[in-house]
>>> print(open('final33.txt').read())   # compact mmCIF, C-alpha atoms
# COMPACT_ATOMS: atom_id res chain seq x y z
CA MET A 2 7.70 -43.87 -20.04
CA LYS A 3 7.34 -41.99 -16.79
CA PRO A 4 8.06 -38.29 -17.43
CA PRO A 5 11.21 -36.88 -15.81
CA GLU A 6 10.82 -34.53 -12.86
CA ASP A 7 11.51 -30.81 -13.00
CA ARG A 8 13.53 -30.08 -9.89
CA THR A 9 12.97 -26.34 -10.23
CA ARG A 10 9.31 -26.80 -9.31
CA GLY A 11 7.65 -27.64 -5.99
CA ALA A 12 5.14 -30.27 -7.09
CA ARG A 13 6.39 -33.41 -8.82
CA ARG A 14 3.35 -33.82 -11.06
CA ASN A 15 -0.20 -32.79 -11.80
CA VAL A 16 -2.63 -34.42 -9.42
CA VAL A 17 -6.21 -35.00 -10.51
CA HIS A 18 -8.41 -32.18 -9.28
CA ARG A 19 -11.73 -32.80 -7.57
CA PHE A 20 -13.87 -31.62 -10.52
CA ALA A 21 -12.11 -33.66 -13.22
CA ARG A 22 -14.24 -36.04 -15.29
CA ARG A 23 -11.28 -37.95 -16.68
CA HIS A 24 -7.55 -38.10 -16.13
CA THR A 25 -4.35 -39.71 -17.38
CA LEU A 26 -1.83 -41.64 -15.33
CA SER A 27 1.93 -41.68 -15.90
CA VAL A 28 3.64 -45.02 -15.20
CA ASP A 29 7.14 -46.41 -15.42
CA ASP A 30 7.09 -48.74 -18.43
CA GLY A 31 10.50 -50.26 -17.74
CA TRP A 32 12.36 -48.38 -20.47
CA PRO A 33 15.55 -46.63 -19.32
CA GLN A 34 15.20 -42.97 -18.35
CA GLU A 35 17.06 -40.26 -20.21
CA PRO A 36 20.25 -39.44 -18.31
CA ASP A 37 20.10 -35.70 -18.96
CA GLU A 38 18.25 -33.29 -16.71
CA PRO A 39 14.96 -32.15 -18.25
CA ALA A 40 14.55 -28.57 -19.36
CA PRO A 41 12.72 -26.45 -16.77
CA LEU A 42 9.00 -26.27 -17.34
CA PRO A 43 8.08 -22.86 -18.80
CA THR A 44 5.70 -20.45 -17.12
CA ARG A 45 2.77 -19.46 -19.30
CA LEU A 46 0.82 -16.28 -18.68
CA HIS A 47 -2.89 -16.04 -19.49
CA LEU A 48 -5.14 -13.00 -19.45
CA ASP A 49 -7.75 -12.85 -16.71
CA LEU A 50 -10.24 -10.21 -17.83
CA ALA A 51 -11.86 -9.84 -14.44
CA ARG A 52 -14.70 -7.42 -13.89
CA SER A 53 -13.79 -6.68 -10.28
CA ILE A 54 -10.59 -6.74 -8.25
CA ILE A 55 -11.47 -6.71 -4.53
CA SER A 56 -12.30 -10.02 -2.84
CA ARG A 57 -14.14 -10.14 0.48
CA ASN A 58 -14.19 -12.68 3.28
CA ASP A 59 -15.92 -12.99 6.65
CA SER A 60 -13.42 -15.33 8.31
CA PRO A 61 -12.71 -14.58 11.98
CA ASP A 62 -9.33 -16.28 11.56
CA VAL A 63 -7.75 -13.44 9.56
CA PRO A 64 -7.46 -9.77 10.57
CA PHE A 65 -8.80 -8.36 7.29
CA SER A 66 -11.92 -8.70 5.19
CA ARG A 67 -10.73 -7.37 1.82
CA SER A 68 -7.92 -8.59 -0.40
CA ILE A 69 -6.50 -8.39 -3.91
CA ASN A 70 -4.67 -11.11 -5.82
CA PRO A 71 -3.50 -9.75 -9.19
CA ILE A 72 -2.24 -13.20 -10.28
CA ALA A 73 -3.89 -16.61 -9.87
CA GLY A 74 -1.30 -19.35 -9.58
CA CYS A 75 2.22 -18.83 -8.27
CA GLU A 76 5.67 -19.57 -9.63
CA HIS A 77 7.16 -19.79 -6.15
CA GLY A 78 6.18 -23.45 -6.06
CA CYS A 79 5.57 -23.78 -2.33
CA VAL A 80 4.32 -27.33 -2.09
CA TYR A 81 2.03 -26.58 0.84
CA CYS A 82 0.29 -23.51 -0.65
CA TYR A 83 -3.38 -23.47 0.37
CA ALA A 84 -4.21 -21.50 -2.81
CA ARG A 85 -3.37 -24.47 -5.04
CA PRO A 86 -6.87 -26.05 -4.95
CA GLY A 87 -8.25 -22.87 -6.51
CA HIS A 88 -6.81 -23.90 -9.88
CA ALA A 89 -9.36 -26.72 -9.99
CA TYR A 90 -12.04 -24.11 -10.73
CA ARG A 91 -10.18 -23.41 -13.97
CA ASP A 92 -10.13 -27.15 -14.81
CA LEU A 93 -6.39 -27.19 -14.08
CA SER A 94 -4.39 -29.22 -11.61
CA PRO A 95 -3.34 -27.81 -8.24
CA GLY A 96 0.00 -29.51 -8.92
CA LEU A 97 2.39 -28.32 -11.63
CA ASP A 98 -0.37 -26.40 -13.43
CA PHE A 99 -0.65 -24.08 -10.42
CA GLU A 100 3.04 -23.19 -10.77
CA THR A 101 3.21 -22.92 -14.54
CA GLU A 102 -0.21 -21.72 -15.77
CA LEU A 103 -0.67 -18.21 -14.36
CA PHE A 104 -3.68 -15.95 -14.88
CA TYR A 105 -3.02 -12.24 -14.48
CA LYS A 106 -5.34 -9.26 -14.34
CA PRO A 107 -3.95 -6.59 -16.71
CA ASP A 108 -6.67 -4.13 -15.68
CA ALA A 109 -6.04 -4.51 -11.95
CA ALA A 110 -5.13 -0.85 -11.38
CA ARG A 111 -8.04 0.44 -13.46
CA LEU A 112 -10.49 -1.82 -11.63
CA LEU A 113 -9.15 -0.63 -8.28
CA ARG A 114 -9.57 3.02 -9.26
CA GLN A 115 -13.08 2.19 -10.41
CA SER A 116 -13.89 0.59 -7.05
CA PHE A 117 -12.45 3.46 -5.05
CA SER A 118 -14.35 6.03 -7.11
CA ALA A 119 -17.72 4.28 -6.78
CA ARG A 120 -20.44 6.19 -4.96
CA GLY A 121 -20.66 5.22 -1.33
CA TYR A 122 -17.29 3.45 -1.19
CA ARG A 123 -15.86 3.35 2.34
CA PRO A 124 -12.14 2.63 2.86
CA GLU A 125 -10.89 -0.35 4.82
CA THR A 126 -7.46 -1.99 4.72
CA ILE A 127 -7.01 -4.19 1.65
CA VAL A 128 -4.34 -6.91 1.74
CA ILE A 129 -2.36 -7.79 -1.40
CA GLY A 130 -1.03 -11.34 -1.35
CA ALA A 131 -3.50 -13.06 0.93
CA SER A 132 -3.68 -15.96 -1.55
CA THR A 133 -0.81 -15.85 -4.04
CA ASP A 134 2.39 -13.84 -3.70
CA PRO A 135 2.28 -10.36 -5.29
CA TYR A 136 6.08 -10.46 -5.74
CA GLN A 137 6.45 -13.78 -7.49
CA PRO A 138 8.86 -13.75 -10.47
CA ALA A 139 6.17 -12.83 -13.03
CA GLU A 140 5.72 -9.47 -11.27
CA ARG A 141 9.08 -8.36 -12.67
CA ARG A 142 7.54 -8.47 -16.15
CA LEU A 143 3.99 -7.46 -15.33
CA GLY A 144 4.43 -4.70 -12.75
CA LEU A 145 0.86 -5.17 -11.50
CA THR A 146 1.66 -4.76 -7.81
CA ARG A 147 3.50 -1.50 -8.36
CA GLU A 148 0.57 -0.17 -10.40
CA LEU A 149 -1.77 -1.08 -7.53
CA LEU A 150 0.46 0.66 -4.98
CA ASP A 151 0.37 3.79 -7.14
CA VAL A 152 -3.42 3.72 -6.89
CA PHE A 153 -3.39 3.18 -3.12
CA LEU A 154 -1.08 6.16 -2.73
CA ALA A 155 -3.09 8.41 -5.05
CA TYR A 156 -6.31 7.66 -3.15
CA ARG A 157 -4.61 7.66 0.28
CA HIS A 158 -6.05 4.19 0.92
CA PRO A 159 -4.62 1.74 3.52
CA VAL A 160 -2.97 -1.41 2.21
CA GLY A 161 -1.32 -4.51 3.68
CA ILE A 162 1.13 -6.79 1.89
CA ILE A 163 2.08 -10.42 2.53
CA THR A 164 5.11 -11.75 0.65
CA LYS A 165 8.17 -13.97 0.69
CA GLY A 166 9.64 -12.32 -2.41
CA GLY A 167 12.69 -10.08 -2.47
CA GLY A 168 11.14 -8.11 -5.33
CA ILE A 169 9.26 -5.96 -2.83
CA LEU A 170 12.39 -3.85 -2.44
CA ARG A 171 11.80 -2.54 -5.95
CA ASP A 172 8.79 -0.66 -4.58
CA ILE A 173 10.39 0.64 -1.40
CA ASP A 174 9.94 4.23 -2.60
CA LEU A 175 6.15 3.87 -2.78
CA LEU A 176 6.02 1.86 0.43
CA ALA A 177 8.01 4.52 2.30
CA GLU A 178 5.63 7.23 1.09
CA LEU A 179 2.61 5.16 2.12
CA ALA A 180 4.25 4.51 5.50
CA ARG A 181 4.77 8.22 6.05
CA LEU A 182 0.97 8.54 5.92
CA ASP A 183 0.34 5.46 8.11
CA LEU A 184 -1.19 3.65 5.14
CA VAL A 185 0.82 0.43 4.83
CA ARG A 186 2.00 -2.63 6.73
CA VAL A 187 4.09 -5.51 5.35
CA MET A 188 4.28 -9.09 6.63
CA VAL A 189 7.23 -11.18 5.39
CA SER A 190 6.87 -14.95 5.45
CA VAL A 191 9.96 -16.68 6.89
CA THR A 192 9.42 -20.43 7.09
CA THR A 193 13.02 -21.60 7.55
CA LEU A 194 16.58 -20.33 7.93
CA ASP A 195 17.93 -23.44 6.20
CA ASP A 196 18.77 -22.82 2.53
CA GLU A 197 18.47 -26.49 1.58
CA LEU A 198 15.07 -26.89 3.22
CA LYS A 199 13.93 -23.67 1.54
CA ARG A 200 15.04 -25.04 -1.82
CA ILE A 201 12.91 -28.16 -1.60
CA MET A 202 9.97 -26.60 0.23
CA GLU A 203 9.74 -23.26 -1.60
CA PRO A 204 11.98 -23.65 -4.67
CA ARG A 205 11.53 -20.29 -6.40
CA THR A 206 11.24 -17.99 -3.42
CA ALA A 207 13.84 -15.62 -1.99
CA SER A 208 16.52 -17.13 0.23
CA PRO A 209 16.18 -16.85 4.01
CA ALA A 210 19.00 -14.29 4.07
CA THR A 211 17.19 -12.18 1.45
CA ARG A 212 13.96 -12.23 3.45
CA LEU A 213 15.79 -11.00 6.54
CA ARG A 214 17.36 -8.29 4.38
CA VAL A 215 13.87 -7.32 3.18
CA ILE A 216 12.72 -6.91 6.79
CA ARG A 217 15.83 -4.90 7.63
CA SER A 218 15.53 -2.65 4.56
CA LEU A 219 11.83 -1.96 5.08
CA ARG A 220 12.41 -1.11 8.74
CA GLN A 221 15.22 1.27 7.81
CA ALA A 222 12.91 2.95 5.29
CA GLY A 223 10.29 3.49 7.98
CA VAL A 224 7.88 0.84 6.68
CA PRO A 225 6.09 -1.11 9.46
CA VAL A 226 7.03 -4.76 9.00
CA GLY A 227 6.26 -8.02 10.77
CA ALA A 228 6.96 -11.68 10.03
CA LEU A 229 4.99 -14.89 9.66
CA VAL A 230 6.15 -18.46 10.17
CA ALA A 231 3.57 -19.92 7.84
CA PRO A 232 3.18 -22.78 7.71
CA VAL A 233 4.58 -24.58 10.70
CA ILE A 234 5.08 -28.22 9.66
CA PRO A 235 5.67 -30.69 12.50
CA PHE A 236 9.02 -32.51 12.28
CA ILE A 237 9.99 -30.45 9.21
CA ASN A 238 10.50 -26.83 10.27
CA ASP A 239 9.03 -26.63 13.79
CA ALA A 240 12.48 -27.11 15.37
CA GLU A 241 13.42 -23.68 13.98
CA ILE A 242 10.67 -21.70 15.68
CA GLU A 243 12.87 -20.05 18.30
CA ARG A 244 15.69 -19.29 15.84
CA ILE A 245 13.32 -17.76 13.29
CA VAL A 246 11.58 -15.56 15.86
CA LEU A 247 14.92 -14.26 17.14
CA ALA A 248 16.26 -13.68 13.61
CA VAL A 249 13.26 -11.68 12.40
CA ALA A 250 13.22 -9.63 15.60
CA GLN A 251 16.90 -8.79 15.19
CA ALA A 252 16.22 -7.82 11.57
CA GLY A 253 13.60 -5.30 12.69
CA ALA A 254 10.23 -7.07 12.67
CA ASP A 255 7.88 -5.69 15.30
CA GLU A 256 5.49 -8.66 15.20
CA VAL A 257 5.67 -12.36 14.45
CA GLY A 258 2.85 -14.84 14.01
CA HIS A 259 2.48 -18.44 12.94
CA VAL A 260 0.01 -20.60 11.02
CA LEU A 261 -0.22 -24.38 11.22
CA LEU A 262 0.04 -26.31 7.95
CA ARG A 263 -3.30 -26.50 6.13
CA LEU A 264 -4.03 -29.31 3.64
CA PRO A 265 -7.41 -28.72 2.00
CA HIS A 266 -8.62 -30.83 -0.93
CA GLU A 267 -5.83 -31.96 -3.29
CA LEU A 268 -3.06 -30.65 -1.04
CA VAL A 269 -3.06 -33.85 0.99
CA GLU A 270 -1.95 -35.91 -2.00
CA LEU A 271 0.58 -33.29 -3.12
CA PHE A 272 2.10 -32.96 0.33
CA GLU A 273 2.34 -36.71 0.93
CA ASP A 274 3.96 -37.06 -2.49
CA TRP A 275 6.48 -34.40 -1.43
CA LEU A 276 7.19 -36.22 1.84
CA ASP A 277 7.76 -39.47 -0.08
CA GLN A 278 10.29 -37.69 -2.25
CA HIS A 279 12.24 -35.72 0.36
CA PHE A 280 11.46 -37.18 3.80
CA PRO A 281 10.24 -40.75 3.32
CA GLN A 282 11.37 -41.83 6.81
CA ARG A 283 9.37 -39.02 8.41
CA ARG A 284 6.22 -39.37 6.31
CA ALA A 285 4.13 -41.34 8.80
CA ARG A 286 5.32 -39.27 11.74
CA VAL A 287 4.53 -35.96 10.05
CA MET A 288 1.07 -37.02 8.87
CA ASN A 289 0.19 -38.55 12.24
CA ALA A 290 1.13 -35.29 13.94
CA ILE A 291 -0.97 -33.28 11.49
CA ARG A 292 -3.99 -35.53 11.98
CA GLY A 293 -3.48 -35.36 15.73
CA MET A 294 -3.89 -31.59 15.56
CA ARG A 295 -6.85 -31.82 13.16
CA GLY A 296 -9.15 -34.13 15.09
CA GLY A 297 -7.95 -37.23 13.25
CA ARG A 298 -8.26 -35.69 9.76
CA ALA A 299 -5.66 -34.21 7.44
CA TYR A 300 -7.57 -30.91 7.48
CA ASP A 301 -10.18 -29.22 9.62
CA SER A 302 -11.84 -26.27 7.88
CA ARG A 303 -13.72 -24.96 10.89
CA PHE A 304 -13.20 -21.35 11.88
CA GLY A 305 -11.03 -21.10 14.96
CA GLN A 306 -9.30 -24.42 14.20
CA ARG A 307 -8.00 -24.30 10.64
CA MET A 308 -5.13 -21.88 11.31
CA SER A 309 -3.86 -23.21 14.65
CA GLY A 310 -5.19 -26.73 15.24
CA GLN A 311 -6.09 -28.37 18.53
CA GLY A 312 -4.66 -30.83 21.02
CA ASP A 313 -1.45 -31.07 23.01
CA MET A 314 0.99 -30.53 20.14
CA ALA A 315 -0.87 -27.47 18.83
CA GLN A 316 -0.92 -26.03 22.33
CA LEU A 317 2.80 -26.69 22.72
CA LEU A 318 3.52 -24.84 19.46
CA ARG A 319 1.54 -21.83 20.68
CA GLN A 320 3.41 -21.85 23.97
CA ARG A 321 6.76 -22.04 22.22
CA PHE A 322 5.87 -19.04 20.06
CA ASP A 323 4.73 -17.07 23.08
CA VAL A 324 7.98 -17.76 24.93
CA ALA A 325 10.10 -17.05 21.85
CA ARG A 326 8.31 -13.75 21.25
CA ARG A 327 8.86 -12.61 24.83
CA LYS A 328 12.54 -13.51 24.72
CA ALA A 329 12.92 -11.62 21.45
CA GLY A 330 11.18 -8.54 22.82
CA LEU A 331 7.98 -9.15 20.86
CA SER A 332 5.80 -10.03 23.80
CA ARG A 333 2.56 -8.74 22.31
CA ARG A 334 1.08 -8.19 18.89
CA VAL A 335 1.80 -4.84 17.27
CA ARG A 336 -0.87 -4.19 14.69
CA PRO A 337 -2.08 -0.58 14.93
CA ALA A 338 -4.95 0.29 12.65
CA LEU A 339 -3.95 1.95 9.41
CA ARG A 340 -5.51 5.31 8.66
CA CYS A 341 -8.73 5.48 6.68
CA ASP A 342 -9.48 9.16 7.31
CA LEU A 343 -7.07 10.35 4.59
CA PHE A 344 -9.02 8.63 1.81
CA ARG A 345 -9.73 10.87 -1.15
CA ILE A 346 -10.74 10.64 -4.78
CA PRO A 347 -8.10 12.55 -6.72
CA GLY A 348 -9.51 15.87 -7.89
CA GLN A 349 -12.34 15.80 -5.34
CA PRO A 350 -12.58 17.04 -1.71
CA LEU A 351 -11.48 14.75 1.12
CA GLN A 352 -13.90 11.99 2.11
CA GLN A 353 -14.67 13.53 5.50
CA GLU A 354 -15.72 16.75 3.76
CA LEU A 355 -18.11 14.79 1.57
CA ASP A 356 -19.69 13.26 4.68
CA LEU A 357 -20.64 16.66 6.13
>>> encode(input="final33.txt", output="structure tokens")
Amino acid sequence: MKPPEDRTRGARRNVVHRFARRHTLSVDDGWPQEPDEPAPLPTRLHLDLARSIISRNDSPDVPFSRSINPIAGCEHGCVYCYARPGHAYRDLSPGLDFETELFYKPDAARLLRQSFSARGYRPETIVIGASTDPYQPAERRLGLTRELLDVFLAYRHPVGIITKGGGILRDIDLLAELARLDLVRVMVSVTTLDDELKRIMEPRTASPATRLRVIRSLRQAGVPVGALVAPVIPFINDAEIERIVLAVAQAGADEVGHVLLRLPHELVELFEDWLDQHFPQRRARVMNAIRGMRGGRAYDSRFGQRMSGQGDMAQLLRQRFDVARRKAGLSRRVRPALRCDLFRIPGQPLQQELDL
């Protein structure tokens, strides 16, 4: 019998990952389905005894080269998440496994202190949440992000945060103290203002109203905050561009950016499955538009193309964002460099004194 769907999750099933040597296939055998709703799939936490905590990248498409992801996998269940294919390296599916089998780094704070205290370390902004959300529901139990922020504050080290979780307000005290020293910047992802679309696209994330409240609260606390419309999905949420830009500006964001939908590896199958479930009449139109902005493919991994696409539609999206930003009073990017000159190892002289 075909297994019932869990409507509290983003993916409908586990797709076969690209490294799998064998797989099973669920089929409808004709027997009647159980009428009752299935119990929600549980989230299982696994230890990730990592030896290091800071990841590095050399991509020209992102404005940072260092990041931290204290949890691999994400309960938020965003069907489009470009981090999903990473679960294949653990011999798990980028589908439901990505949302339910989480790997957390219990020693994250200790490893960060170790990195900061290493001889010759030079500070540079580190972003938390570049892959998976640091304020997904599991953070309420684990507290890893708060522990990391304690370390950033103790060492006077600059940090950026990307999130769509309302849980960030728990740490507003630490964020305000970091902001007082010009050591933090937050980007809140706002992909839709429609509660129903949010529910099917990002089932376990904060509501649109909560995300606007997060922006407003951070701004009132003196924390620099911007917004991201990421991803933009043609014929799904692109009609909201102007409304989202205006809403985040009115809430207090000083910057707004956008990223075109990315579908690497297994994401193509997951996303098309999602379209079949929720927007079957739009499926062909959406995928044709995506391929039209990706040189005829579902995904183009080349630097300079993967985040924004190419062609007439991609250019039109950029123009719409530019016009919307100007109308909202956000005519140019506001991303001042965070301070690195305050870096210190607790109990030792300031870094600039050591350099003399």
>>> residues_near_point(input="final33.txt", point="(-9.8, -12.4, -14.5)", cutoff="8 Å", atoms="all atoms listed in the file", output="MDAnalysis selection string")
chainID A and resid 48:52 104:106
>>> write_last_selection(input="final33.txt", atoms="C-alpha atoms", output="PDB file, in the frame of the given file")
ATOM      1  CA  LEU A  48      -5.140 -13.000 -19.450  1.00  0.00           C
ATOM      2  CA  ASP A  49      -7.750 -12.850 -16.710  1.00  0.00           C
ATOM      3  CA  LEU A  50     -10.240 -10.210 -17.830  1.00  0.00           C
ATOM      4  CA  ALA A  51     -11.860  -9.840 -14.440  1.00  0.00           C
ATOM      5  CA  ARG A  52     -14.700  -7.420 -13.890  1.00  0.00           C
ATOM      6  CA  PHE A 104      -3.680 -15.950 -14.880  1.00  0.00           C
ATOM      7  CA  TYR A 105      -3.020 -12.240 -14.480  1.00  0.00           C
ATOM      8  CA  LYS A 106      -5.340  -9.260 -14.340  1.00  0.00           C
TER       9      LYS A 106
END
>>> atom_distance(input="final33.txt", atom1="CA of Pro64 (chain A)", atom2="CA of Ile237 (chain A)")
27.1 Å
>>> closest_residue(input="final33.txt", among="A:Thr44, A:Ile162, A:Arg141, A:Arg123", to="Ile69 (chain A)", atoms="all atoms listed in the file")
A:Ile162
>>> residues_around(input="final33.txt", residues="Arg181 (chain A)", least_positions_apart="6", cutoff="10 Å", atoms="all atoms listed in the file", output="list in words")
Leu175, Ala222, Gly223 and Val224 of chain A
>>> residues_around(input="final33.txt", residues="Val226 (chain A)", least_positions_apart="5", cutoff="9 Å", atoms="all atoms listed in the file", output="MDAnalysis selection string")
chainID A and resid 186:189 216:217 219:220 253:256
>>> atom_distance(input="final33.txt", atom1="CA of Pro71 (chain A)", atom2="CA of Pro265 (chain A)")
22.4 Å
>>> closest_residue(input="final33.txt", among="A:Pro107, A:Gly121, A:Gly227, A:Gly130", to="Gly74 (chain A)", atoms="all atoms listed in the file")
A:Gly130
>>> residues_near_point(input="final33.txt", point="(6.7, -15.1, -3.8)", cutoff="12 Å", atoms="all atoms listed in the file", output="MDAnalysis selection string")
chainID A and resid 72 74:79 82 100 129:141 162:169 189:191 203:208 212
>>> write_last_selection(input="final33.txt", atoms="C-alpha atoms", output="short mmCIF file (atom, residue, chain, number, x, y, z; two decimals), in the coordinates of the input")
data_model
loop_
_atom_site.label_atom_id
_atom_site.label_comp_id
_atom_site.auth_asym_id
_atom_site.auth_seq_id
_atom_site.Cartn_x
_atom_site.Cartn_y
_atom_site.Cartn_z
CA ILE A 72 -2.24 -13.20 -10.28
CA GLY A 74 -1.30 -19.35 -9.58
CA CYS A 75 2.22 -18.83 -8.27
CA GLU A 76 5.67 -19.57 -9.63
CA HIS A 77 7.16 -19.79 -6.15
CA GLY A 78 6.18 -23.45 -6.06
CA CYS A 79 5.57 -23.78 -2.33
CA CYS A 82 0.29 -23.51 -0.65
CA GLU A 100 3.04 -23.19 -10.77
CA ILE A 129 -2.36 -7.79 -1.40
CA GLY A 130 -1.03 -11.34 -1.35
CA ALA A 131 -3.50 -13.06 0.93
CA SER A 132 -3.68 -15.96 -1.55
CA THR A 133 -0.81 -15.85 -4.04
CA ASP A 134 2.39 -13.84 -3.70
CA PRO A 135 2.28 -10.36 -5.29
CA TYR A 136 6.08 -10.46 -5.74
CA GLN A 137 6.45 -13.78 -7.49
CA PRO A 138 8.86 -13.75 -10.47
CA ALA A 139 6.17 -12.83 -13.03
CA GLU A 140 5.72 -9.47 -11.27
CA ARG A 141 9.08 -8.36 -12.67
CA ILE A 162 1.13 -6.79 1.89
CA ILE A 163 2.08 -10.42 2.53
CA THR A 164 5.11 -11.75 0.65
CA LYS A 165 8.17 -13.97 0.69
CA GLY A 166 9.64 -12.32 -2.41
CA GLY A 167 12.69 -10.08 -2.47
CA GLY A 168 11.14 -8.11 -5.33
CA ILE A 169 9.26 -5.96 -2.83
CA VAL A 189 7.23 -11.18 5.39
CA SER A 190 6.87 -14.95 5.45
CA VAL A 191 9.96 -16.68 6.89
CA GLU A 203 9.74 -23.26 -1.60
CA PRO A 204 11.98 -23.65 -4.67
CA ARG A 205 11.53 -20.29 -6.40
CA THR A 206 11.24 -17.99 -3.42
CA ALA A 207 13.84 -15.62 -1.99
CA SER A 208 16.52 -17.13 0.23
CA ARG A 212 13.96 -12.23 3.45
#
>>> residues_around(input="final33.txt", residues="His279 (chain A)", least_positions_apart="4", cutoff="10 Å", atoms="all atoms listed in the file", output="list in words")
Leu198, Ile201, Met202, Glu273, Asp274, Trp275, Arg283 and Arg284 of chain A
>>> build_atoms(input="final33.txt", residues="region 63-69 of chain A", atoms="all heavy atoms", output="mmCIF file, in the coordinates of the input")
data_model
loop_
_atom_site.group_PDB
_atom_site.id
_atom_site.type_symbol
_atom_site.label_atom_id
_atom_site.label_comp_id
_atom_site.auth_asym_id
_atom_site.auth_seq_id
_atom_site.Cartn_x
_atom_site.Cartn_y
_atom_site.Cartn_z
ATOM 1 N N VAL A 63 -8.697 -14.375 10.167
ATOM 2 C CA VAL A 63 -7.750 -13.440 9.560
ATOM 3 C C VAL A 63 -8.157 -12.013 9.920
ATOM 4 O O VAL A 63 -9.348 -11.713 10.038
ATOM 5 C CB VAL A 63 -7.688 -13.606 8.031
ATOM 6 C CG1 VAL A 63 -7.099 -14.956 7.658
ATOM 7 C CG2 VAL A 63 -9.066 -13.462 7.398
ATOM 8 N N PRO A 64 -7.176 -11.129 10.090
ATOM 9 C CA PRO A 64 -7.460 -9.770 10.570
ATOM 10 C C PRO A 64 -7.823 -8.787 9.469
ATOM 11 O O PRO A 64 -7.577 -7.592 9.615
ATOM 12 C CB PRO A 64 -6.149 -9.387 11.257
ATOM 13 C CG PRO A 64 -5.111 -10.095 10.453
ATOM 14 C CD PRO A 64 -5.723 -11.404 10.040
ATOM 15 N N PHE A 65 -8.374 -9.250 8.371
ATOM 16 C CA PHE A 65 -8.800 -8.360 7.290
ATOM 17 C C PHE A 65 -9.958 -9.002 6.557
ATOM 18 O O PHE A 65 -10.123 -10.220 6.566
ATOM 19 C CB PHE A 65 -7.645 -8.067 6.323
ATOM 20 C CG PHE A 65 -7.017 -9.315 5.733
ATOM 21 C CD1 PHE A 65 -7.535 -9.913 4.590
ATOM 22 C CD2 PHE A 65 -5.906 -9.894 6.330
ATOM 23 C CE1 PHE A 65 -6.974 -11.055 4.061
ATOM 24 C CE2 PHE A 65 -5.334 -11.053 5.807
ATOM 25 C CZ PHE A 65 -5.866 -11.622 4.678
ATOM 26 N N SER A 66 -10.758 -8.184 5.907
ATOM 27 C CA SER A 66 -11.920 -8.700 5.190
ATOM 28 C C SER A 66 -11.864 -8.424 3.689
ATOM 29 O O SER A 66 -12.730 -8.887 2.950
ATOM 30 C CB SER A 66 -13.208 -8.086 5.764
ATOM 31 O OG SER A 66 -13.195 -6.678 5.629
ATOM 32 N N ARG A 67 -10.847 -7.683 3.245
ATOM 33 C CA ARG A 67 -10.730 -7.370 1.820
ATOM 34 C C ARG A 67 -9.319 -7.715 1.347
ATOM 35 O O ARG A 67 -8.340 -7.490 2.068
ATOM 36 C CB ARG A 67 -10.997 -5.887 1.558
ATOM 37 C CG ARG A 67 -12.367 -5.404 2.014
ATOM 38 C CD ARG A 67 -12.549 -3.930 1.705
ATOM 39 N NE ARG A 67 -13.749 -3.390 2.332
ATOM 40 C CZ ARG A 67 -14.140 -2.127 2.227
ATOM 41 N NH1 ARG A 67 -13.423 -1.266 1.517
ATOM 42 N NH2 ARG A 67 -15.241 -1.722 2.829
ATOM 43 N N SER A 68 -9.229 -8.224 0.129
ATOM 44 C CA SER A 68 -7.920 -8.590 -0.400
ATOM 45 C C SER A 68 -7.910 -8.466 -1.918
ATOM 46 O O SER A 68 -8.962 -8.402 -2.566
ATOM 47 C CB SER A 68 -7.538 -10.013 0.011
ATOM 48 O OG SER A 68 -8.463 -10.949 -0.513
ATOM 49 N N ILE A 69 -6.706 -8.435 -2.462
ATOM 50 C CA ILE A 69 -6.500 -8.390 -3.910
ATOM 51 C C ILE A 69 -5.427 -9.401 -4.268
ATOM 52 O O ILE A 69 -4.373 -9.463 -3.623
ATOM 53 C CB ILE A 69 -6.056 -6.991 -4.378
ATOM 54 C CG1 ILE A 69 -7.191 -5.982 -4.233
ATOM 55 C CG2 ILE A 69 -5.581 -7.030 -5.833
ATOM 56 C CD1 ILE A 69 -6.786 -4.557 -4.575
#
